[in-house]
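K.L.:
Structure incoming, see below.
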Amino acid sequence: MKGKRQLYARLLMIFMLATVVELLFQRSLFILLIVGFSLVFLMHRRNKLNHTRQRSFLFWAGVVCIILAIGGTISFRIGVLIVLIVFIRHLLKMKRTADLISVQIKEAEAIHKDTVVSKNKIIGEYHFGESPFEWNDINIQFGIGDVIIDLGNTVLPPGENTAIIRGLVGDMRIVVPVDVGVALDYSAFSGQLNYPESDAVKTLRQETLVHYSENYHEATYKIKLVVSVIVGELEVMHV
């Protein structure tokens, strides 16, 4: 994974350099870029002298000129295309991984579980545990929104229980009693993990993090958290 990040960083530098070189040799684009930066600089300077933050038409015209100049280069377009391809491949990989995990869990549930709480919502917030509730394994799929699961208001059956969370953009907070063992499988294109057992906040960039709490193997009650998002922060709290 570290090698991939280094490769992406090098490719980014190459495309940035290629874009700059192309702008220098494309007279019309270079002039458009100079005009854009000049307008932005002049309007910023005027606002600074007048002690105002108002963005005038000329300021936004300058921004548009800069965007058109950079977007007019072939190097920039190729770079954007590669980023989209990598992003789509990552989405497909996350979906395949999540589907495989879901199939494995469903097979286990056919033996051990009879009920699964499944929720699907494009936009909105999920909150399990505002009041006492009977536990059933959870499967959440969402577009944009936040997810809160409070296991302090339920009684988990002995053994391993499962909560699957899959979405696009959103933050997640999961409250777990201290005597419950946690198995975490967290995948994100751009994410962050806050977990009391970690020494520091962990940042994920196209990565998957697998973690088992110290008491997981000995715990009577266990929860397996399978989280897969594009952009989202995951916070696991012990109470």
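Here's how to read the names in the structure tokens: chain A, B, ... by the order shown, residue numbers from 1 in each chain, ligand numbers from 1 in the order shown.
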Excluding range 37-45 of chain A and its own-chain neighbours fewer than 5 positions away, which residues fall within 8 Å of it when counting only C-alpha atoms? Please give them as an NGL selection string.
P.N.:
:A and (55-56 or 58-63 or 66)
K.L.:
Could you write out that same residue set with N, CA and C atoms as a PDB file, in the first residue's frame?
P.N.:
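selection.pdb written:
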```
ATOM      1  N   ARG A  55     -16.377  39.105  -2.971  1.00  0.00           N
ATOM      2  CA  ARG A  55     -15.837  38.573  -4.214  1.00  0.00           C
ATOM      3  C   ARG A  55     -16.597  39.194  -5.385  1.00  0.00           C
ATOM      4  N   SER A  56     -15.881  39.977  -6.210  1.00  0.00           N
ATOM      5  CA  SER A  56     -16.521  40.662  -7.320  1.00  0.00           C
ATOM      6  C   SER A  56     -16.625  39.763  -8.542  1.00  0.00           C
ATOM      7  N   LEU A  58     -15.163  40.265 -11.371  1.00  0.00           N
ATOM      8  CA  LEU A  58     -13.835  40.104 -11.968  1.00  0.00           C
ATOM      9  C   LEU A  58     -13.036  39.012 -11.265  1.00  0.00           C
ATOM     10  N   PHE A  59     -13.228  38.874  -9.955  1.00  0.00           N
ATOM     11  CA  PHE A  59     -12.523  37.813  -9.220  1.00  0.00           C
ATOM     12  C   PHE A  59     -12.948  36.443  -9.741  1.00  0.00           C
ATOM     13  N   TRP A  60     -14.251  36.239  -9.845  1.00  0.00           N
ATOM     14  CA  TRP A  60     -14.745  34.946 -10.320  1.00  0.00           C
ATOM     15  C   TRP A  60     -14.427  34.733 -11.789  1.00  0.00           C
ATOM     16  N   ALA A  61     -14.372  35.823 -12.563  1.00  0.00           N
ATOM     17  CA  ALA A  61     -13.948  35.702 -13.959  1.00  0.00           C
ATOM     18  C   ALA A  61     -12.507  35.208 -14.033  1.00  0.00           C
ATOM     19  N   GLY A  62     -11.671  35.700 -13.114  1.00  0.00           N
ATOM     20  CA  GLY A  62     -10.290  35.233 -13.055  1.00  0.00           C
ATOM     21  C   GLY A  62     -10.202  33.762 -12.702  1.00  0.00           C
ATOM     22  N   VAL A  63     -11.031  33.337 -11.745  1.00  0.00           N
ATOM     23  CA  VAL A  63     -11.050  31.918 -11.358  1.00  0.00           C
ATOM     24  C   VAL A  63     -11.455  31.050 -12.544  1.00  0.00           C
ATOM     25  N   ILE A  66      -8.586  30.677 -15.001  1.00  0.00           N
ATOM     26  CA  ILE A  66      -7.579  29.719 -14.522  1.00  0.00           C
ATOM     27  C   ILE A  66      -8.049  28.289 -14.756  1.00  0.00           C
TER      28      ILE A  66
END
```
K.L.:
When you look at Ile70 in chain A with a cut-off of 10 Å (counting only C-alpha atoms), what residues show up, excluding the ones that are within fewer than 2 positions of it in the same chain? I need them as a ChimeraX atom specification.
P.N.:
/A:19-20,22-23,29-30,32-33,65-68,72-77
K.L.:
So, counting only C-alpha atoms, which residue among A:Lys224, A:Arg205, A:Ser28, A:Gly79 is closest to Asn139 in chain A?
P.N.:
A:Lys224
K.L.:
Find the spatial neighbours of Tyr195 in chain A, counting only C-alpha atoms, within a cut-off of 9 Å - ignore same-chain residues fewer than 6 positions away - and output them as number ranges by chain.
P.N.:
A: 201-202, 234-238
K.L.:
Only C-alpha atoms, please: the residues just picked out, written as a short mmCIF file (atom, residue, chain, number, x, y, z; two decimals), in the first residue's frame.
P.N.:
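selection.cif was written with the following content:
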```
data_model
loop_
_atom_site.label_atom_id
_atom_site.label_comp_id
_atom_site.auth_asym_id
_atom_site.auth_seq_id
_atom_site.Cartn_x
_atom_site.Cartn_y
_atom_site.Cartn_z
CA VAL A 201 -5.93 8.72 14.87
CA LYS A 202 -5.43 6.55 11.80
CA LEU A 234 -15.34 5.97 12.00
CA GLU A 235 -15.34 6.42 15.77
CA VAL A 236 -15.53 3.41 18.09
CA MET A 237 -16.18 4.29 21.75
CA HIS A 238 -16.12 2.07 24.84
#
```
K.L.:
For each of A:Gly145, A:Gln206, A:Lys222, A:Tyr186, take the minimum atom-to-atom distance to Pro158 in chain A, counting only C-alpha atoms, then give the residue where this is smallest.
P.N.:
A:Lys222
K.L.:
Per residue of range 182-235 of chain A within 12 Å of range 167-171 of chain A, note the shortest atom pair and the distance in Å to one decimal, counting only C-alpha atoms, and order the rows by chain and increasing residue number, as JSON lines.
P.N.:
```
{"residue": "A:Tyr186", "atom": "CA", "partner": "A:Gly167", "partner_atom": "CA", "distance": 11.9}
{"residue": "A:Ser187", "atom": "CA", "partner": "A:Gly167", "partner_atom": "CA", "distance": 10.7}
{"residue": "A:Ala188", "atom": "CA", "partner": "A:Leu168", "partner_atom": "CA", "distance": 9.5}
{"residue": "A:Phe189", "atom": "CA", "partner": "A:Leu168", "partner_atom": "CA", "distance": 9.7}
{"residue": "A:Ser190", "atom": "CA", "partner": "A:Val169", "partner_atom": "CA", "distance": 9.7}
{"residue": "A:Gly191", "atom": "CA", "partner": "A:Asp171", "partner_atom": "CA", "distance": 9.1}
{"residue": "A:Gln192", "atom": "CA", "partner": "A:Asp171", "partner_atom": "CA", "distance": 9.3}
{"residue": "A:Leu193", "atom": "CA", "partner": "A:Asp171", "partner_atom": "CA", "distance": 10.1}
{"residue": "A:Asn194", "atom": "CA", "partner": "A:Asp171", "partner_atom": "CA", "distance": 11.1}
{"residue": "A:Val226", "atom": "CA", "partner": "A:Gly167", "partner_atom": "CA", "distance": 11.4}
{"residue": "A:Val227", "atom": "CA", "partner": "A:Gly167", "partner_atom": "CA", "distance": 8.4}
{"residue": "A:Ser228", "atom": "CA", "partner": "A:Gly167", "partner_atom": "CA", "distance": 6.5}
{"residue": "A:Val229", "atom": "CA", "partner": "A:Gly167", "partner_atom": "CA", "distance": 4.9}
{"residue": "A:Ile230", "atom": "CA", "partner": "A:Leu168", "partner_atom": "CA", "distance": 4.9}
{"residue": "A:Val231", "atom": "CA", "partner": "A:Val169", "partner_atom": "CA", "distance": 4.8}
{"residue": "A:Gly232", "atom": "CA", "partner": "A:Asp171", "partner_atom": "CA", "distance": 4.8}
{"residue": "A:Glu233", "atom": "CA", "partner": "A:Asp171", "partner_atom": "CA", "distance": 4.7}
{"residue": "A:Leu234", "atom": "CA", "partner": "A:Asp171", "partner_atom": "CA", "distance": 6.0}
{"residue": "A:Glu235", "atom": "CA", "partner": "A:Asp171", "partner_atom": "CA", "distance": 8.1}
```
K.L.:
Let's have the selection written as a JSON list (two decimals), in the first residue's frame, with N, CA and C atoms.
P.N.:
```json
[["chain", "number", "residue", "atom", "x", "y", "z"],
["A", 186, "TYR", "N", -12.46, -2.16, 8.34],
["A", 186, "TYR", "CA", -12.81, -0.81, 7.91],
["A", 186, "TYR", "C", -12.11, -0.49, 6.59],
["A", 187, "SER", "N", -12.90, -0.25, 5.53],
["A", 187, "SER", "CA", -12.35, 0.10, 4.22],
["A", 187, "SER", "C", -12.85, 1.49, 3.83],
["A", 188, "ALA", "N", -11.94, 2.32, 3.29],
["A", 188, "ALA", "CA", -12.33, 3.67, 2.90],
["A", 188, "ALA", "C", -11.42, 4.19, 1.80],
["A", 189, "PHE", "N", -12.01, 4.95, 0.88],
["A", 189, "PHE", "CA", -11.21, 5.64, -0.12],
["A", 189, "PHE", "C", -10.50, 6.82, 0.54],
["A", 190, "SER", "N", -11.21, 7.50, 1.41],
["A", 190, "SER", "CA", -10.62, 8.57, 2.22],
["A", 190, "SER", "C", -11.35, 8.55, 3.56],
["A", 191, "GLY", "N", -10.66, 8.08, 4.60],
["A", 191, "GLY", "CA", -11.33, 7.93, 5.89],
["A", 191, "GLY", "C", -10.40, 8.14, 7.06],
["A", 192, "GLN", "N", -10.99, 8.08, 8.24],
["A", 192, "GLN", "CA", -10.23, 8.29, 9.47],
["A", 192, "GLN", "C", -10.84, 7.45, 10.58],
["A", 193, "LEU", "N", -9.99, 6.82, 11.37],
["A", 193, "LEU", "CA", -10.45, 5.96, 12.46],
["A", 193, "LEU", "C", -10.05, 6.55, 13.80],
["A", 194, "ASN", "N", -11.04, 6.74, 14.66],
["A", 194, "ASN", "CA", -10.80, 7.13, 16.05],
["A", 194, "ASN", "C", -11.19, 5.95, 16.93],
["A", 226, "VAL", "N", -18.16, -4.39, 10.14],
["A", 226, "VAL", "CA", -17.68, -4.36, 8.76],
["A", 226, "VAL", "C", -18.14, -3.04, 8.15],
["A", 227, "VAL", "N", -17.20, -2.13, 7.94],
["A", 227, "VAL", "CA", -17.52, -0.78, 7.48],
["A", 227, "VAL", "C", -16.83, -0.53, 6.14],
["A", 228, "SER", "N", -17.59, -0.09, 5.16],
["A", 228, "SER", "CA", -17.04, 0.19, 3.83],
["A", 228, "SER", "C", -17.66, 1.47, 3.31],
["A", 229, "VAL", "N", -16.85, 2.53, 3.17],
["A", 229, "VAL", "CA", -17.34, 3.83, 2.72],
["A", 229, "VAL", "C", -16.36, 4.45, 1.72],
["A", 230, "ILE", "N", -16.85, 5.44, 0.99],
["A", 230, "ILE", "CA", -15.97, 6.20, 0.12],
["A", 230, "ILE", "C", -15.25, 7.26, 0.94],
["A", 231, "VAL", "N", -16.03, 8.10, 1.60],
["A", 231, "VAL", "CA", -15.46, 9.13, 2.48],
["A", 231, "VAL", "C", -16.22, 9.08, 3.80],
["A", 232, "GLY", "N", -15.49, 8.92, 4.89],
["A", 232, "GLY", "CA", -16.17, 8.87, 6.18],
["A", 232, "GLY", "C", -15.24, 8.59, 7.34],
["A", 233, "GLU", "N", -15.57, 9.17, 8.47],
["A", 233, "GLU", "CA", -14.81, 8.95, 9.71],
["A", 233, "GLU", "C", -15.53, 7.93, 10.58],
["A", 234, "LEU", "N", -14.78, 7.00, 11.12],
["A", 234, "LEU", "CA", -15.34, 5.97, 12.00],
["A", 234, "LEU", "C", -14.80, 6.17, 13.41],
["A", 235, "GLU", "N", -15.72, 6.28, 14.37],
["A", 235, "GLU", "CA", -15.34, 6.42, 15.77],
["A", 235, "GLU", "C", -15.94, 5.26, 16.56]]
```
K.L.:
So that I can check the surroundings of Met172 in chain A, please list as a list in words every protein, DNA and RNA residue that reaches within 6 Å of it, counting only C-alpha atoms and ignoring chain neighbours fewer than 4 positions away.
P.N.:
Asp146, Val147, Ile148 and Leu234 of chain A
K.L.:
Go through A:Tyr216, A:Phe128, A:Thr203, A:Asn161 and flag the residue nearest Arg173 in chain A, using only C-alpha atoms for the distances.
P.N.:
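For Arg173 in chain A, the nearest of the candidates is A:Phe128.
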K.L.:
Could you tell me how far CA of Asn215 in chain A lies from CA of Val180 in chain A, in Å and to one decimal?
P.N.:
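Going from CA of Asn215 in chain A over to CA of Val180 in chain A, I get 7.7 Å.
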K.L.:
With a distance cut-off of 10 Å and only C-alpha atoms, select the neighbouring residues of Tyr212 in chain A, excluding the residue or stretch itself and same-chain residues fewer than 2 positions from it, and output the selection as a PyMOL selection string.
P.N.:
chain A and resi 181-185+197+210+214-217+224
K.L.:
Hey, which of A:Leu17, A:Leu12, A:Ala69, A:Leu151 ends up closest to Val83 in chain A? Count only C-alpha atoms.
P.N.:
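Nearest to Val83 in chain A: A:Leu12.
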